[in-house]
Structure formats: structure tokens, C-alpha cells
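So the structure is just underneath, and the comments pick up after that.
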Amino acid sequence: MSAVTAGTPEVSLAGVEQQLLARWPETRMDPTLDRVALLLGLLGRPQTQFRSIHLTGTNGKTSTARMVESLLAATGSRTGRFTSPHVETMRERISLDLQPIETQRFVRCHEAVAEQAALVDAASAHPVSFFEMTVAMAYHAFADHRVDAAVVEVGMGGRWDATNVIDAEVAAILPVALDHTDYLGPTVGAIAAEKAGIIKPGSVAVSARQPDDVAAVLRARADAVGAELVVEGRDFALARRSPTATGQLVSFRGLHREYDEVPLALHGAHQAQNAAVAIAAVEAFLGGPLDLGLVRSTLRQVTSPGRFEVRAGSPPVVLDVAHNPHGARALARNLAERGPGRTIAVLAVMGDKDVAGVVRELETVVDTVVCARNSSPRSLPAEELAALAIDVFGASRVRRATDVSSALAVARALADTGPGSTDVVLVTGSVVTVGDACSVPTDG
């Protein structure tokens with residue numbers, strides 16, 4: 001293979017990624033929208049040139065955003081989608097018409113935004129962050145592509161999230177649980193108050209089932225800004241679901257009609273509930289019912305990489321980005337529905353997460369856990385993770401490896417690959433962990 005020469009898309013993309021990563025990381029926050037608003041003002045306020053649906057919640061945002069995007073695209077809309085973080089490439093964060101933004105377009109967007117960001121950097125106490133840059137690039141790309149609808153996932157919280165400079169007609173709030181407590185607050189009520197900040201005056205807020213204290217916060221915010229609040233279980237609902245080999249068969253009661261016997265190519269009760277929110281959000285956005293055939297044909301082929309994603313092999317590898325107890329609990333339910341067979345887990349988790357809570361949720365469905373460190377500097381060292389896992393699993397069910405690649409090798413060796421075996425290898429704990437695994441061949 002010939003060497004990559006200067007000026008090729010690969011070199012340009014790598015250079016852009018390096019420049020973005022040199023900025024404040026997305027884990028560092030300064031609670032203000034001033035910088036991103038100034039930056040977008042210099043770009044001509046692209047966020048005002050398209051309609052949008054804004055999503056927040058603790059887990060399920062990306063999967064729901066992908067379902068919303070797919071349903072809108074199926075109606076003939078030109079779509080844009082912004083999600084984070086990415087699994088394999090930064091281009092995944094910005095989608096145009098269901099596809100990751102092309103490399104050269106990504107580079108051009110960065111060039112346009114970086115020129116104005118330099119002015120903001122010079123005028124601000126703190127420089128434009130990595131996340132603010134990617135948000136501005138997404139909104140610039142959406143306006144340039146003349147999308148009919150943008151589907152935007154918050155990065156963290158909502159009120160001070162850089163995405164929150166849009167005036168979304170629909171806000172979708174997925175289940176709220178404890179996560180990012182150092183930034184968002186120590187209780188689900190406090191976290192809900194931050195997430196409720198995306199509900200704008202005159203909008204429709206579509207809420208998943210929530211704890212009572214969260215529901216009260218969302219109701220108060222909707223009342224305060226004159227938004228309509230529609231709630232799962234009262235205004236729309238998941239009616240039935242049954243697991244299948246390729247996902248599940250689900251029926252919904254939407255805002256405007258019923259949607260029966262819909263094949264959903266995503267696994268788990270939580271994904272069925274995410275789909276209920278997605279359908280209601282699109283109904284609210286379009287102001288009416290969706291065609292049943294369109295819903296069936298769309299959701300039967302929707303994908304969400306790294307969300308109980310099964311990659312064929314011997315043994316099969318399940319990739320899941322669960323990184324907090326709430327997500328790990330949903331993952332455990334999915335594994336329990338899988339049926340017989342052992343699960344050998346590769347686990348690498350960020351040190352600032354509730355690692356013990358994640359480990360406890362997985363203990364009942366994982367036979368052996370291989371503890372590793374992923375490629376992020378925030379990753380908990382394998383030795384510390386193994387010590388926590390031994391407290392829960394017992395020493396005989398815990399192994400240790402230096403990194404995700406070597407942990408995968410250990411896990412594959414432990415799995416039975418003989419005829420008729422139903423063993424699987426699970427990779428989980430973080431988006432970074434799943435991304436690391438994606439660079440390793442799944443066939444061993």
C-alpha cells in the first residue's frame with residue numbers, strides 16, 4: 001500500500017482532529033452559552049436556518065436520535081443529526097441525510113469555524129472548547145446543506161450545553177438518572193433541572209417515564225415557559241414487545257394513532273421505550289400521525305453502533321457503551337433475554353464514573369470479567385478495576401489485562417467456540433472501550 005501524501009483527505013482529517021483535540025476537552029465545562037453564541041453569530045447564526053428536535057436524558061439519547069432521524073428521512077425530509085461522543089471517527093458526530101459527514105466537508109466546516117473561533121478565543125476569558133467547536137461545525141453544516149430538520153443530542157445536561165442555542169420546536173427527554181453528578185448535581189431532581197433547560201417557550205416536550213421528582217421538575221419547566229408536555233404512559237406508550245432473533249416486535253400507542261406489530265432492529269425493553277419516544281417526537285414535530293408502513297420499514301433497519309451491537313464471529317462479540325449503573329442495568333436485561341450461554345465480559349471504565357455500581361449491575365449476567373484500561377487518560381487502571389470486581393464477582397471470576405485488545409484475546413480464549421456453543425464476549429464500560437475494540441478484528 002502506498003504511503004499517504006500531504007493534502008490527501010486522510011491527512012487533512014487527521015490534522016483537523018489534532019486541532020480539535022488540542023482545545024478544551026468535552027469533559028471540561030464553563031457554564032455559559034456566550035462563547036458558542038458569539039461564534040455562531042460570527043458565522044451568520046446558522047442555528048436559525050433549520051427546524052430542530054433536541055434530545056436530552058441520561059441514557060438512550062443517541063439511539064433515539066438515530067430513530068428520529070431515520071423516521072424523518074423516511075418522510076422525505078433532508079436531515080442533519082448531531083450526536084456525541086463518537087465510537088470510531090469524529091465524523092460520526094455530524095450526519096447529513098443518514099450518513100456521516102464526508103471527510104472533505106468536515107474539513108471545510110472546521111476551516112470556516114476555526115477562522116471565527118480565533119476571534120472568539122482572543123475576546124474571551126476561556127478559549128472555544130472542543131465541544132463548542134463541533135456544535136458550531138454541525139450547525140454550519142446543517143445550514144449549508146439546507147436540512148429540513150436537525151436532530152440534536154445534548155452533550156451533558158441541557159441548560160448550559162453548547163447545543164442549547166437552538167430554539168427547538170420539540171424537546172425529547174429520555175429517562176433521567178444519576179450521572180455526571182460533579183457537574184449536574186447530586187440528585188436526579190437537580191439533574192432534571194439542568195436537562196429541562198432545553199424545553200423552550202411554545203415547544204412540545206416529549207418525556208419518557210420518569211421518577212416522580214423528575215416528572216415534577218419537567219412539569220414546572222413546561223408550565224413556566226408555556227410548553228406542552230406529553231408523557232409516556234399517559235399521552236403515548238409502548239403497548240407490547242416480544243424479543244426476536246433480530247431485535248424485537250413492538251406495538252405503540254402514539255400521540256395520533258396506534259402502530260402495531262413494528263419490527264425494531266434494536267434489542268431490549270429500553271430500546272422499545274426509546275422508540276416510543278422517537279415516534280411521539282416525530283409526530284409532535286410533524287403535527288400528525290405517521291404512516292404505519294413507513295414506521296415498520298424504517299425501524300426494522302435502524303442501527304445504533306455500540307448499543308448492544310452484535311458482531312458475528314466465533315465467539316460473537318457484543319459491543320455496548322453502557323458507562324453508568326442505569327445503562328448497565330439495561331444491558332444486563334438484554335443479556336438475560338439472550339438465553340443460555342456464558343458471557344465473558346471485557347470491562348474498562350472511566351475513573352470518574354460509579355464503577356462499583358456498574359460492576360454490581362453486571363454481576364448476575366456475566367460469568368467472567370476481564371478488567372482492562374482503555375485508551376483514555378481518564379480510564380480507571382486495570383488493577384483498581386479488578387480489585388473492585390473481585391469484591392463483587394469473587395477472585396475466581398475476575399481476570400486482568402493491560403488494554404482492551406489484550407483483554408479481548410483473554411476473553412475469546414475463555415469462551416467456548418465449539419459446535420453449538422452460545423457463549424458470547426461482551427465489551428462494555430465506555431464509548432472509548434467500544435471504540436478500542438472496534439480496531440481489533442472480531443474473528444480473533
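Residues are named by chain letter and number: chains run A, B, ... in the order of the C-alpha cells, numbers start at 1 in each chain, and ligands are numbered from 1 in the order shown.
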Write out as a list in words the set of residues from stretch 102-228 of chain A that DSSP, computed on the backbone, places in strand (DSSP E or B). Ala149, Ala150, Val151, Val152, Glu153, Val170, Ala171, Ala172, Ile173, Val204, Ala205, Val206, Ser207 and Glu228 of chain A
Which polymer residues have any atom within 10 Å of an atom of A:Gly76, counting only C-alpha atoms, with same-chain residues fewer than 3 positions away left out, as a VMD selection string? chain A and resid 71 to 73 79 97 148
Would you put the residues from that selection into a file with all heavy atoms, as an mmCIF file, in the first residue's frame?
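Dumped to selection02.cif:
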```cif
data_model
loop_
_atom_site.group_PDB
_atom_site.id
_atom_site.type_symbol
_atom_site.label_atom_id
_atom_site.label_comp_id
_atom_site.auth_asym_id
_atom_site.auth_seq_id
_atom_site.Cartn_x
_atom_site.Cartn_y
_atom_site.Cartn_z
ATOM 1 N N LEU A 71 -36.794 8.206 10.873
ATOM 2 C CA LEU A 71 -38.221 8.404 10.602
ATOM 3 C C LEU A 71 -38.449 9.680 9.808
ATOM 4 O O LEU A 71 -39.251 9.710 8.864
ATOM 5 C CB LEU A 71 -39.006 8.437 11.914
ATOM 6 C CG LEU A 71 -39.141 7.101 12.646
ATOM 7 C CD1 LEU A 71 -39.645 7.319 14.065
ATOM 8 C CD2 LEU A 71 -40.065 6.146 11.891
ATOM 9 N N LEU A 72 -37.766 10.751 10.161
ATOM 10 C CA LEU A 72 -37.902 11.998 9.414
ATOM 11 C C LEU A 72 -37.412 11.840 7.984
ATOM 12 O O LEU A 72 -38.054 12.322 7.035
ATOM 13 C CB LEU A 72 -37.138 13.120 10.121
ATOM 14 C CG LEU A 72 -37.736 13.645 11.424
ATOM 15 C CD1 LEU A 72 -36.757 14.588 12.115
ATOM 16 C CD2 LEU A 72 -39.052 14.367 11.153
ATOM 17 N N ALA A 73 -36.285 11.175 7.818
ATOM 18 C CA ALA A 73 -35.751 10.966 6.467
ATOM 19 C C ALA A 73 -36.719 10.145 5.622
ATOM 20 O O ALA A 73 -36.880 10.393 4.421
ATOM 21 C CB ALA A 73 -34.390 10.283 6.539
ATOM 22 N N THR A 79 -32.215 15.710 6.355
ATOM 23 C CA THR A 79 -31.945 15.666 7.790
ATOM 24 C C THR A 79 -30.484 15.923 8.125
ATOM 25 O O THR A 79 -29.578 15.645 7.339
ATOM 26 C CB THR A 79 -32.343 14.298 8.376
ATOM 27 O OG1 THR A 79 -31.587 13.267 7.712
ATOM 28 C CG2 THR A 79 -33.835 14.035 8.194
ATOM 29 N N ASP A 97 -28.345 13.527 5.966
ATOM 30 C CA ASP A 97 -29.134 12.540 5.222
ATOM 31 C C ASP A 97 -28.701 11.114 5.557
ATOM 32 O O ASP A 97 -28.435 10.296 4.677
ATOM 33 C CB ASP A 97 -29.045 12.795 3.717
ATOM 34 C CG ASP A 97 -29.688 14.113 3.317
ATOM 35 O OD1 ASP A 97 -30.664 14.515 3.974
ATOM 36 O OD2 ASP A 97 -29.195 14.760 2.368
ATOM 37 N N ASP A 148 -34.021 20.149 6.353
ATOM 38 C CA ASP A 148 -35.374 20.487 6.787
ATOM 39 C C ASP A 148 -35.516 20.322 8.296
ATOM 40 O O ASP A 148 -36.324 21.012 8.924
ATOM 41 C CB ASP A 148 -36.394 19.579 6.097
ATOM 42 C CG ASP A 148 -36.360 19.707 4.587
ATOM 43 O OD1 ASP A 148 -36.397 20.852 4.096
ATOM 44 O OD2 ASP A 148 -36.270 18.668 3.900
#
```
Could you tell me how far atom CA of A:Gln248 sits from atom CA of A:Leu264, in Å to one decimal place?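 Rounded to one decimal, the two atoms are 5.4 Å apart.
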In Å, how far is it from atom CA of A:Gly394 to atom CA of A:Val321? 24.1 Å
Using only C-alpha atoms, determine which residues lie at most 12 Å from A:Glu111, disregarding the query and same-chain residues fewer than 3 positions distant; provide the list as a PDB file with N, CA, C and O atoms, in the first residue's frame.
```pdb
ATOM      1  N   SER A  12      -5.708  15.547   5.955  1.00  0.00           N
ATOM      2  CA  SER A  12      -6.491  16.703   6.350  1.00  0.00           C
ATOM      3  C   SER A  12      -7.367  16.380   7.550  1.00  0.00           C
ATOM      4  O   SER A  12      -7.472  17.169   8.484  1.00  0.00           O
ATOM      5  N   LEU A  13      -8.019  15.210   7.535  1.00  0.00           N
ATOM      6  CA  LEU A  13      -8.872  14.812   8.641  1.00  0.00           C
ATOM      7  C   LEU A  13      -8.059  14.653   9.911  1.00  0.00           C
ATOM      8  O   LEU A  13      -8.459  15.118  10.984  1.00  0.00           O
ATOM      9  N   GLY A  15      -5.318  16.128  10.672  1.00  0.00           N
ATOM     10  CA  GLY A  15      -4.917  17.445  11.133  1.00  0.00           C
ATOM     11  C   GLY A  15      -6.040  18.172  11.850  1.00  0.00           C
ATOM     12  O   GLY A  15      -5.830  18.814  12.886  1.00  0.00           O
ATOM     13  N   VAL A  16      -7.255  18.065  11.319  1.00  0.00           N
ATOM     14  CA  VAL A  16      -8.407  18.684  11.967  1.00  0.00           C
ATOM     15  C   VAL A  16      -8.654  18.051  13.327  1.00  0.00           C
ATOM     16  O   VAL A  16      -8.908  18.756  14.317  1.00  0.00           O
ATOM     17  N   GLU A  17      -8.596  16.728  13.385  1.00  0.00           N
ATOM     18  CA  GLU A  17      -8.814  16.048  14.662  1.00  0.00           C
ATOM     19  C   GLU A  17      -7.793  16.491  15.696  1.00  0.00           C
ATOM     20  O   GLU A  17      -8.127  16.707  16.865  1.00  0.00           O
ATOM     21  N   GLN A  19      -6.220  19.381  15.814  1.00  0.00           N
ATOM     22  CA  GLN A  19      -6.534  20.745  16.237  1.00  0.00           C
ATOM     23  C   GLN A  19      -7.719  20.769  17.202  1.00  0.00           C
ATOM     24  O   GLN A  19      -7.715  21.532  18.184  1.00  0.00           O
ATOM     25  N   LEU A  20      -8.728  19.953  16.932  1.00  0.00           N
ATOM     26  CA  LEU A  20      -9.880  19.911  17.825  1.00  0.00           C
ATOM     27  C   LEU A  20      -9.502  19.354  19.193  1.00  0.00           C
ATOM     28  O   LEU A  20      -9.918  19.884  20.231  1.00  0.00           O
ATOM     29  N   LEU A  43     -20.663  33.419  12.431  1.00  0.00           N
ATOM     30  CA  LEU A  43     -20.916  32.531  11.292  1.00  0.00           C
ATOM     31  C   LEU A  43     -22.248  32.806  10.607  1.00  0.00           C
ATOM     32  O   LEU A  43     -22.627  32.091   9.681  1.00  0.00           O
ATOM     33  N   GLN A 104     -14.047  15.654   3.347  1.00  0.00           N
ATOM     34  CA  GLN A 104     -13.692  16.993   2.878  1.00  0.00           C
ATOM     35  C   GLN A 104     -14.664  18.047   3.384  1.00  0.00           C
ATOM     36  O   GLN A 104     -14.277  19.187   3.674  1.00  0.00           O
ATOM     37  N   ARG A 105     -15.924  17.678   3.514  1.00  0.00           N
ATOM     38  CA  ARG A 105     -16.902  18.629   4.049  1.00  0.00           C
ATOM     39  C   ARG A 105     -16.627  18.891   5.522  1.00  0.00           C
ATOM     40  O   ARG A 105     -16.774  20.026   6.001  1.00  0.00           O
ATOM     41  N   PHE A 106     -16.238  17.865   6.252  1.00  0.00           N
ATOM     42  CA  PHE A 106     -15.864  18.026   7.656  1.00  0.00           C
ATOM     43  C   PHE A 106     -14.688  18.987   7.780  1.00  0.00           C
ATOM     44  O   PHE A 106     -14.681  19.885   8.635  1.00  0.00           O
ATOM     45  N   VAL A 107     -13.712  18.807   6.914  1.00  0.00           N
ATOM     46  CA  VAL A 107     -12.530  19.673   6.932  1.00  0.00           C
ATOM     47  C   VAL A 107     -12.913  21.110   6.599  1.00  0.00           C
ATOM     48  O   VAL A 107     -12.466  22.062   7.258  1.00  0.00           O
ATOM     49  N   ARG A 108     -13.761  21.288   5.593  1.00  0.00           N
ATOM     50  CA  ARG A 108     -14.175  22.647   5.210  1.00  0.00           C
ATOM     51  C   ARG A 108     -14.970  23.317   6.327  1.00  0.00           C
ATOM     52  O   ARG A 108     -14.806  24.513   6.584  1.00  0.00           O
ATOM     53  N   ALA A 114     -13.075  27.521  12.475  1.00  0.00           N
ATOM     54  CA  ALA A 114     -11.815  27.854  13.143  1.00  0.00           C
ATOM     55  C   ALA A 114     -11.423  29.304  12.910  1.00  0.00           C
ATOM     56  O   ALA A 114     -10.869  29.969  13.808  1.00  0.00           O
ATOM     57  N   GLU A 115     -11.706  29.825  11.718  1.00  0.00           N
ATOM     58  CA  GLU A 115     -11.358  31.221  11.417  1.00  0.00           C
ATOM     59  C   GLU A 115     -12.083  32.174  12.372  1.00  0.00           C
ATOM     60  O   GLU A 115     -11.486  33.130  12.878  1.00  0.00           O
ATOM     61  N   GLN A 116     -13.356  31.898  12.628  1.00  0.00           N
ATOM     62  CA  GLN A 116     -14.117  32.754  13.545  1.00  0.00           C
ATOM     63  C   GLN A 116     -13.804  32.432  15.007  1.00  0.00           C
ATOM     64  O   GLN A 116     -13.841  33.317  15.861  1.00  0.00           O
ATOM     65  N   ALA A 117     -13.482  31.180  15.291  1.00  0.00           N
ATOM     66  CA  ALA A 117     -13.151  30.795  16.666  1.00  0.00           C
ATOM     67  C   ALA A 117     -11.911  31.518  17.160  1.00  0.00           C
ATOM     68  O   ALA A 117     -11.801  31.827  18.359  1.00  0.00           O
ATOM     69  N   ALA A 118     -10.988  31.810  16.248  1.00  0.00           N
ATOM     70  CA  ALA A 118      -9.785  32.537  16.647  1.00  0.00           C
ATOM     71  C   ALA A 118     -10.152  33.921  17.192  1.00  0.00           C
ATOM     72  O   ALA A 118      -9.531  34.414  18.146  1.00  0.00           O
ATOM     73  N   MET A 133     -16.764  23.779  19.432  1.00  0.00           N
ATOM     74  CA  MET A 133     -16.334  23.760  18.029  1.00  0.00           C
ATOM     75  C   MET A 133     -17.153  22.766  17.221  1.00  0.00           C
ATOM     76  O   MET A 133     -17.629  23.080  16.116  1.00  0.00           O
ATOM     77  N   THR A 134     -17.342  21.561  17.754  1.00  0.00           N
ATOM     78  CA  THR A 134     -18.071  20.546  16.980  1.00  0.00           C
ATOM     79  C   THR A 134     -19.545  20.922  16.835  1.00  0.00           C
ATOM     80  O   THR A 134     -20.159  20.650  15.797  1.00  0.00           O
ATOM     81  N   ALA A 136     -20.698  24.043  16.640  1.00  0.00           N
ATOM     82  CA  ALA A 136     -20.716  25.087  15.612  1.00  0.00           C
ATOM     83  C   ALA A 136     -20.508  24.487  14.222  1.00  0.00           C
ATOM     84  O   ALA A 136     -21.156  24.909  13.253  1.00  0.00           O
ATOM     85  N   MET A 137     -19.625  23.509  14.118  1.00  0.00           N
ATOM     86  CA  MET A 137     -19.409  22.849  12.829  1.00  0.00           C
ATOM     87  C   MET A 137     -20.680  22.145  12.357  1.00  0.00           C
ATOM     88  O   MET A 137     -21.035  22.198  11.176  1.00  0.00           O
ATOM     89  N   HIS A 140     -23.272  24.765  11.264  1.00  0.00           N
ATOM     90  CA  HIS A 140     -22.820  25.325   9.986  1.00  0.00           C
ATOM     91  C   HIS A 140     -23.104  24.337   8.858  1.00  0.00           C
ATOM     92  O   HIS A 140     -23.602  24.728   7.786  1.00  0.00           O
ATOM     93  N   ALA A 141     -22.814  23.063   9.089  1.00  0.00           N
ATOM     94  CA  ALA A 141     -23.047  22.040   8.064  1.00  0.00           C
ATOM     95  C   ALA A 141     -24.532  21.889   7.765  1.00  0.00           C
ATOM     96  O   ALA A 141     -24.937  21.739   6.603  1.00  0.00           O
TER      97      ALA A 141
END
```
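Take atom CA of A:His256 and atom CA of A:Gly288: the distance between them is 6.1 Å.
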Can you tell me, as a PyMOL selection string, what residues are no more than 9 Å from A:Leu266 when counting only C-alpha atoms, ignoring any on the same chain fewer than 3 positions away? chain A and resi 63+246-248+271-272+299-304+307-309
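Residue-level DSSP output for stretch 174-251 of chain A, from the backbone, shows helix (DSSP H, G or I) at Thr181, Asp182, Tyr183, Leu184, Val188, Gly189, Ala190, Ile191, Ala192, Ala193, Glu194, Lys195, Ala196, Gly197, Ile198, Asp212, Asp213, Val214, Ala215, Ala216, Val217, Leu218, Arg219, Ala220, Arg221, Ala222, Asp223, Ala224 and Val225 of chain A.
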Leaving out A:Ala172 and any residue of its chain fewer than 5 positions from it, which residues lie within 12 Å of it when counting only C-alpha atoms, given as a PyMOL selection string? chain A and resi 52-58+60-62+64-65+68+151-154+158+195-200+203-209+218+228-232+274-285
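Of the listed residues A:Val165, A:Val310, A:Ala227, A:Pro100, the one whose atoms come nearest to A:Glu88 is A:Pro100, with distances taken using only C-alpha atoms.
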Residues within 10 Å of A:Thr244, please, as a list in words. Count only C-alpha atoms; anything in the same chain fewer than 6 positions from it doesn't count. Pro263, Leu264, Ala265, Leu266, His267, Glu337 and Arg338 of chain A
